Amino acid sequence: MAEAADFPGTAPSPARRRLRRVLALVTGAPLLAGACLLPAQGTAQAVQKASPAQASGSRTVDVSLDALAPSAPTEGDTLTVSGTLVNNGKQPVTDARVGLRVGASMSSRTAIETAARTTGYQPGTDGMEVTGSYEEEFDKLSPGVAQHFTLSLPVSKLHLGADGVYQLGVSLSGRTAAAPYEQVLGIERTFLPWQPDEADTKTKTTYLWPLISSVHLTAETASNEQQTPVFREDDLLKEISPGGRLARMVSLGKDLDVTWVIDPDLLASVDAMTDGYQVEGADGTPTAGRGQSTAKQWLAALGEAVQDKEVVALPFADPDLASLAHNGKNVAGTLSHLKDATDVAASTVETVLHVTPDTDFAWPVEGALDPSIVRVATSAGADKVIARSDTFRESEGLTYTPGAARPIGGGTTAVVTDAALSTAFQRDMSHAENSSLAVQQFLAQSLMIGLQDPGKQRSIVVAPQRMPTASQAETMAQALAALQQSTWSQAQDLSDAADAKADPAASTRVPSASAYPSSLRRKELPKSAFEDVESTQSRLNKFTAILTFPERVATPFGRALDRGASTSWRGRSGQAAGFRDGVAASLGVLVQQVRLIEKSDASLSGRSATIPVTVQNRLLQGVDHLVLRLTSANPTRMRIGEGAFEEQRVTVAAGHSQSVKFTTSAKANGRAAVVAQLYTEDGQAYGPAVTFDVKVTEVTPTVLLVIAGGVLLLVLAGFRMYTQRKRAAARQAEEAGADSAGEDLNDDGSGTVDTESTTGSSHDSAQTDTEDGRGSGHPEDPEGTEGPGDSADSGHNAGQPAAESGPDTGPEHAGERSPDTASGNAGPSATGERVDR
């Protein structure tokens, strides 16, 4: 009696131990031994009568149910159950056996959910063990050692009654040293849907099969004519390789009656891999991608799988509709991005898969709605919103699950998915136990929907998680295969479910914004994310307006901006910001390839000259539709063209630079600041301005008078030199004649020379060469090719002597840098010179 009062599987209290010793002394060892060896049937009955609290010992052994086949049996089938036993206690379990227990039929969907959460043996609820030789025995289960079991028996031996969902338990009974009588030491329960005959009215079931991935492709392309795409990493190759997540989704989905829900960005990314592509390295150096053949095989397999199936295309990159509605709708231009993403979705799917998708559906995260999400979701043209039943709370008086279609006003239909069925496979399905239990619970819930009102036709939609793992996909496929072979369900496309007649008793009220789940709101993209996108879009619009082939830039960057607002960034705000910054930086690099060359200060002499300004284009395509404006900050001193500024249209070939010449006119001496700025044709400034100074040295009448006087002096000096040379020549001739008539010889036989006349002649010759400015002895002109008055200029006073130029008379001063402006042709230069890259 004392042992029976103890909780099975627990140590007796001290009082119980003392009482046991007293009883042992009174009744003797034989009685105690008889009490310890109670018949198994009596022990089982005693355990069944115990309260749930006394059944704590049923958690001693972990019973894992790894496989159950068939999942939905019919008459004549043989049920096979296999699993694993692990003794989690500290003592060995002896005389153990595994058997099946059939509980009562479930009464509702809520009862199924409650039973799935219950642990431990529940006497009465778990039912009696199936009798017969349908059990497996184990002499001993050592602690921590796993033992496998398999039970097989005809379904008829389960003695199932009417159609319904039955609780099926797999229990382990045995003994321990602490409790040396047979008791249930472990149990695992699952559900067995039972409807052997075809239902008169089958439930129409739509299952969405999502092909969605995270963001992989950047906005960058390699610097070549092929525009080789660049990927952030090579994870997409892992997903589409055999055994990868997306590869399994395709191979499993092709044999199922499902509606494919596809993000066009995934197709565009894999399609980009079919040719050459690059992958960003850890050090920033891109490496060649190696997934070309794998990408081609995956796309071919997908194209075959979706033939004759319904395909729904989400907006490009699967934008986060809830984040947009709550944080981005007031940012100018954001809704137009959603419209563009919707418009490009159909063309992308058609181009890659050669099928026409349905673009009428919007799918907010987890189907959670509020009025603002509905308005945003439908603003791009969708008139159907995929919601979930935990958003639309039904009235307590509704005793069955209504159909999916709900008109919510404004011509919009909410397609309400079933929450229990949609979340059935979100656990870790890599463990066989989790997978087996999920399949059975999914089928049980599906059958129960039909049994709620057997004569009522309903359309049920199931929307699983957006990116199932490979193991989750395999479990989903297993459940769907069993469902499509069942007697109570038939497959249906999503569009048909949306067009089905709405149940008037179903709720159509969209919850208020305050009812939106806070757990989802915390993971939304912030307002700054949408501001970043629009800022980059503004720069992109300005840049593409000047390009010869704008689509080569607009397409990759436009799609990259769509990726910046993808649902896949939820919970990864830091990585999302990094991606958006990368897109902006990549665009900035391209924008800087078209720029004005920095210009040093210039000198302008004379009344008019031209100033060249150079535009450089280092892009792989030409630029056009640019206007270069040159503006004088002081038009009273120097004018550009006919006024303060002048504009000229600019066209520069790929990889070239082009000089544009502007006519200027000087009005006064001094410095004048000049600003060169590129503009787009619509008047928006493009790139940074270039500012430089022009030194104006206008030639005045006083300067001209001085120059004229200098010229006169030069003429007079030349005449004097001429007369002196004539006289000197005559004198030398006379002296030469006299010497020839009577020459005296010195003692050494040499003749005498008139050094005075020779020296004077040489002096006069040197003086003449120096004064006319053409002397050969100038230190900066050893060959006598240029005198100090020959500085390059616009042609004024080229012959003015250096001595009269003065120290600050402008570019004519000896040693001053020649001015970089010149009068003459002010038209544009030729095609330009090649830019070294």
# chains A, B, ... in the order shown; residues from 1 in each chain; ligands from 1
>>> residues_around(residues="Thr423 of chain A", least_positions_apart="2", cutoff="10 Å", atoms="only C-alpha atoms", output="ChimeraX atom specification")
/A:366,418-421,425-427,438,442,462-465
>>> select_by_dssp(residues="segment 185-340 of chain A", states="alpha helix (DSSP H)", output="ChimeraX atom specification")
/A:235-240,245-253,264-273,292-305,321-323,334-340
>>> atom_distance(atom1="atom CA of Ala345 of chain A", atom2="atom CA of Ala377 of chain A")
14.8 Å
>>> select_by_dssp(residues="segment 76-230 of chain A", states="strand (DSSP E or B)", output="VMD selection string")
chain A and resid 78 to 87 93 to 105 129 136 to 141 143 146 to 154 164 to 175 183 to 194 203 to 211 217 to 221 229 to 230
>>> write_last_selection(atoms="C-alpha atoms", output="compact mmCIF listing (two decimals), in the first residue's frame")
# COMPACT_ATOMS: atom_id res chain seq x y z
CA THR A 78 -0.91 -2.70 -42.71
CA LEU A 79 0.29 -0.01 -40.37
CA THR A 80 4.02 0.14 -39.66
CA VAL A 81 5.43 2.29 -36.91
CA SER A 82 9.15 2.65 -36.20
CA GLY A 83 11.15 4.74 -33.81
CA THR A 84 13.83 4.97 -31.16
CA LEU A 85 13.94 4.43 -27.38
CA VAL A 86 16.39 6.23 -25.09
CA ASN A 87 16.47 5.62 -21.34
CA VAL A 93 14.80 -0.54 -17.41
CA THR A 94 14.10 -4.26 -17.44
CA ASP A 95 11.34 -6.38 -18.92
CA ALA A 96 10.52 -3.56 -21.34
CA ARG A 97 8.09 -3.76 -24.22
CA VAL A 98 6.79 -1.31 -26.81
CA GLY A 99 3.13 -1.34 -27.81
CA LEU A 100 0.44 0.74 -29.52
CA ARG A 101 -2.44 2.48 -27.80
CA VAL A 102 -5.49 3.83 -29.61
CA GLY A 103 -7.24 6.73 -27.93
CA ALA A 104 -10.64 8.20 -28.54
CA SER A 105 -11.56 10.09 -31.69
CA GLU A 129 -2.76 -1.10 -25.35
CA GLU A 136 8.45 -5.61 -29.33
CA GLU A 137 10.25 -6.65 -26.15
CA PHE A 138 13.60 -5.58 -24.69
CA ASP A 139 15.29 -7.36 -21.81
CA LYS A 140 17.13 -4.25 -20.74
CA LEU A 141 17.35 -0.57 -21.65
CA PRO A 143 20.72 4.58 -19.46
CA ALA A 146 19.38 4.16 -27.97
CA GLN A 147 17.32 1.16 -29.05
CA HIS A 148 15.33 0.99 -32.29
CA PHE A 149 11.93 -0.61 -32.64
CA THR A 150 9.43 -1.43 -35.38
CA LEU A 151 5.80 -2.36 -34.88
CA SER A 152 3.61 -3.68 -37.68
CA LEU A 153 -0.02 -4.76 -37.57
CA PRO A 154 -3.14 -4.78 -39.74
CA GLY A 164 -12.39 10.75 -37.64
CA VAL A 165 -8.98 11.59 -36.23
CA TYR A 166 -7.73 9.10 -33.67
CA GLN A 167 -4.96 9.59 -31.17
CA LEU A 168 -2.32 6.92 -31.59
CA GLY A 169 0.21 6.34 -28.82
CA VAL A 170 3.43 4.38 -28.77
CA SER A 171 4.23 3.48 -25.16
CA LEU A 172 7.16 1.81 -23.38
CA SER A 173 6.28 -0.28 -20.33
CA GLY A 174 8.89 -1.77 -17.99
CA ARG A 175 10.41 -1.95 -14.53
CA GLN A 183 4.36 0.69 -15.51
CA VAL A 184 4.40 3.09 -18.48
CA LEU A 185 7.84 4.72 -18.47
CA GLY A 186 7.58 6.57 -21.78
CA ILE A 187 5.04 7.50 -24.43
CA GLU A 188 4.82 9.43 -27.70
CA ARG A 189 1.52 10.23 -29.30
CA THR A 190 0.55 11.12 -32.82
CA PHE A 191 -2.64 11.22 -34.89
CA LEU A 192 -4.16 8.76 -37.29
CA PRO A 193 -6.62 10.25 -39.84
CA TRP A 194 -9.25 7.66 -40.66
CA THR A 203 -12.21 19.94 -49.29
CA LYS A 204 -10.50 21.91 -52.05
CA THR A 205 -6.95 22.57 -50.90
CA THR A 206 -4.45 25.03 -52.37
CA TYR A 207 -0.84 24.70 -51.33
CA LEU A 208 1.59 27.51 -52.14
CA TRP A 209 5.07 26.34 -53.13
CA PRO A 210 7.39 29.34 -52.62
CA LEU A 211 10.61 29.80 -54.59
CA LEU A 217 23.22 39.94 -56.75
CA THR A 218 24.80 43.39 -56.46
CA ALA A 219 24.42 46.40 -58.73
CA GLU A 220 28.01 46.17 -59.88
CA THR A 221 29.23 44.78 -63.15
CA PRO A 229 27.43 40.57 -63.00
CA VAL A 230 28.96 40.53 -59.53
>>> atom_distance(atom1="atom CA of Asp343 of chain A", atom2="atom CA of Arg559 of chain A")
11.9 Å
>>> closest_residue(among="A:Met448, A:Ala368, A:Leu494, A:Val415", to="Arg521 of chain A", atoms="only C-alpha atoms")
A:Ala368
>>> closest_residue(among="A:Val311, A:Ala404, A:Ala116, A:Val63", to="Ala424 of chain A", atoms="only C-alpha atoms")
A:Ala116
>>> residues_around(residues="Ser586 of chain A", least_positions_apart="6", cutoff="12 Å", atoms="only C-alpha atoms", output="JSON, numbers by chain")
{"A": [218, 219, 220, 221, 222, 230, 536, 539, 540, 553, 556, 557, 560, 561, 579, 580, 592, 593]}
>>> write_last_selection(atoms="C-alpha atoms", output="PDB file, in the first residue's frame")
ATOM      1  CA  THR A 218      24.798  43.392 -56.456  1.00  0.00           C
ATOM      2  CA  ALA A 219      24.415  46.399 -58.729  1.00  0.00           C
ATOM      3  CA  GLU A 220      28.009  46.168 -59.879  1.00  0.00           C
ATOM      4  CA  THR A 221      29.229  44.783 -63.152  1.00  0.00           C
ATOM      5  CA  ALA A 222      32.806  44.054 -64.135  1.00  0.00           C
ATOM      6  CA  VAL A 230      28.963  40.528 -59.526  1.00  0.00           C
ATOM      7  CA  THR A 536      20.116  56.738 -54.790  1.00  0.00           C
ATOM      8  CA  ARG A 539      21.177  60.179 -58.534  1.00  0.00           C
ATOM      9  CA  LEU A 540      20.527  57.280 -60.884  1.00  0.00           C
ATOM     10  CA  VAL A 553      22.911  51.168 -66.046  1.00  0.00           C
ATOM     11  CA  PRO A 556      20.985  46.650 -62.867  1.00  0.00           C
ATOM     12  CA  PHE A 557      20.829  49.592 -60.474  1.00  0.00           C
ATOM     13  CA  ALA A 560      19.377  46.567 -56.952  1.00  0.00           C
ATOM     14  CA  LEU A 561      17.285  49.324 -55.381  1.00  0.00           C
ATOM     15  CA  PHE A 579      23.823  46.551 -49.068  1.00  0.00           C
ATOM     16  CA  ARG A 580      22.118  49.886 -49.770  1.00  0.00           C
ATOM     17  CA  GLN A 592      32.612  60.226 -61.215  1.00  0.00           C
ATOM     18  CA  GLN A 593      33.803  58.721 -64.494  1.00  0.00           C
TER      19      GLN A 593
END
>>> residues_around(residues="Thr548 of chain A", least_positions_apart="2", cutoff="12 Å", atoms="only C-alpha atoms", output="list in words")
Phe543, Thr544, Ala545, Ile546, Pro550, Glu551, Arg552, Val553, Ala554, Leu619, Leu620, Gln621, Gly622, Val623, Asp624, His625, Leu626, Thr651, Val652, Ala653 and Ala654 of chain A
>>> write_last_selection(atoms="C-alpha atoms", output="compact mmCIF listing (two decimals), in the first residue's frame")
# COMPACT_ATOMS: atom_id res chain seq x y z
CA PHE A 543 23.12 59.88 -64.39
CA THR A 544 21.19 57.79 -66.88
CA ALA A 545 19.82 60.96 -68.51
CA ILE A 546 23.26 61.65 -70.03
CA PRO A 550 20.94 54.26 -70.29
CA GLU A 551 19.34 50.83 -69.93
CA ARG A 552 22.77 49.30 -69.35
CA VAL A 553 22.91 51.17 -66.05
CA ALA A 554 19.26 51.78 -65.21
CA LEU A 619 32.84 55.06 -69.16
CA LEU A 620 32.46 52.24 -71.65
CA GLN A 621 29.70 54.16 -73.41
CA GLY A 622 29.33 57.66 -74.73
CA VAL A 623 27.64 60.52 -72.91
CA ASP A 624 25.29 63.07 -74.41
CA HIS A 625 22.60 65.48 -73.29
CA LEU A 626 25.12 67.33 -71.12
CA THR A 651 29.06 64.98 -76.39
CA VAL A 652 32.00 62.75 -75.42
CA ALA A 653 32.74 59.31 -76.83
CA ALA A 654 33.46 56.34 -74.58
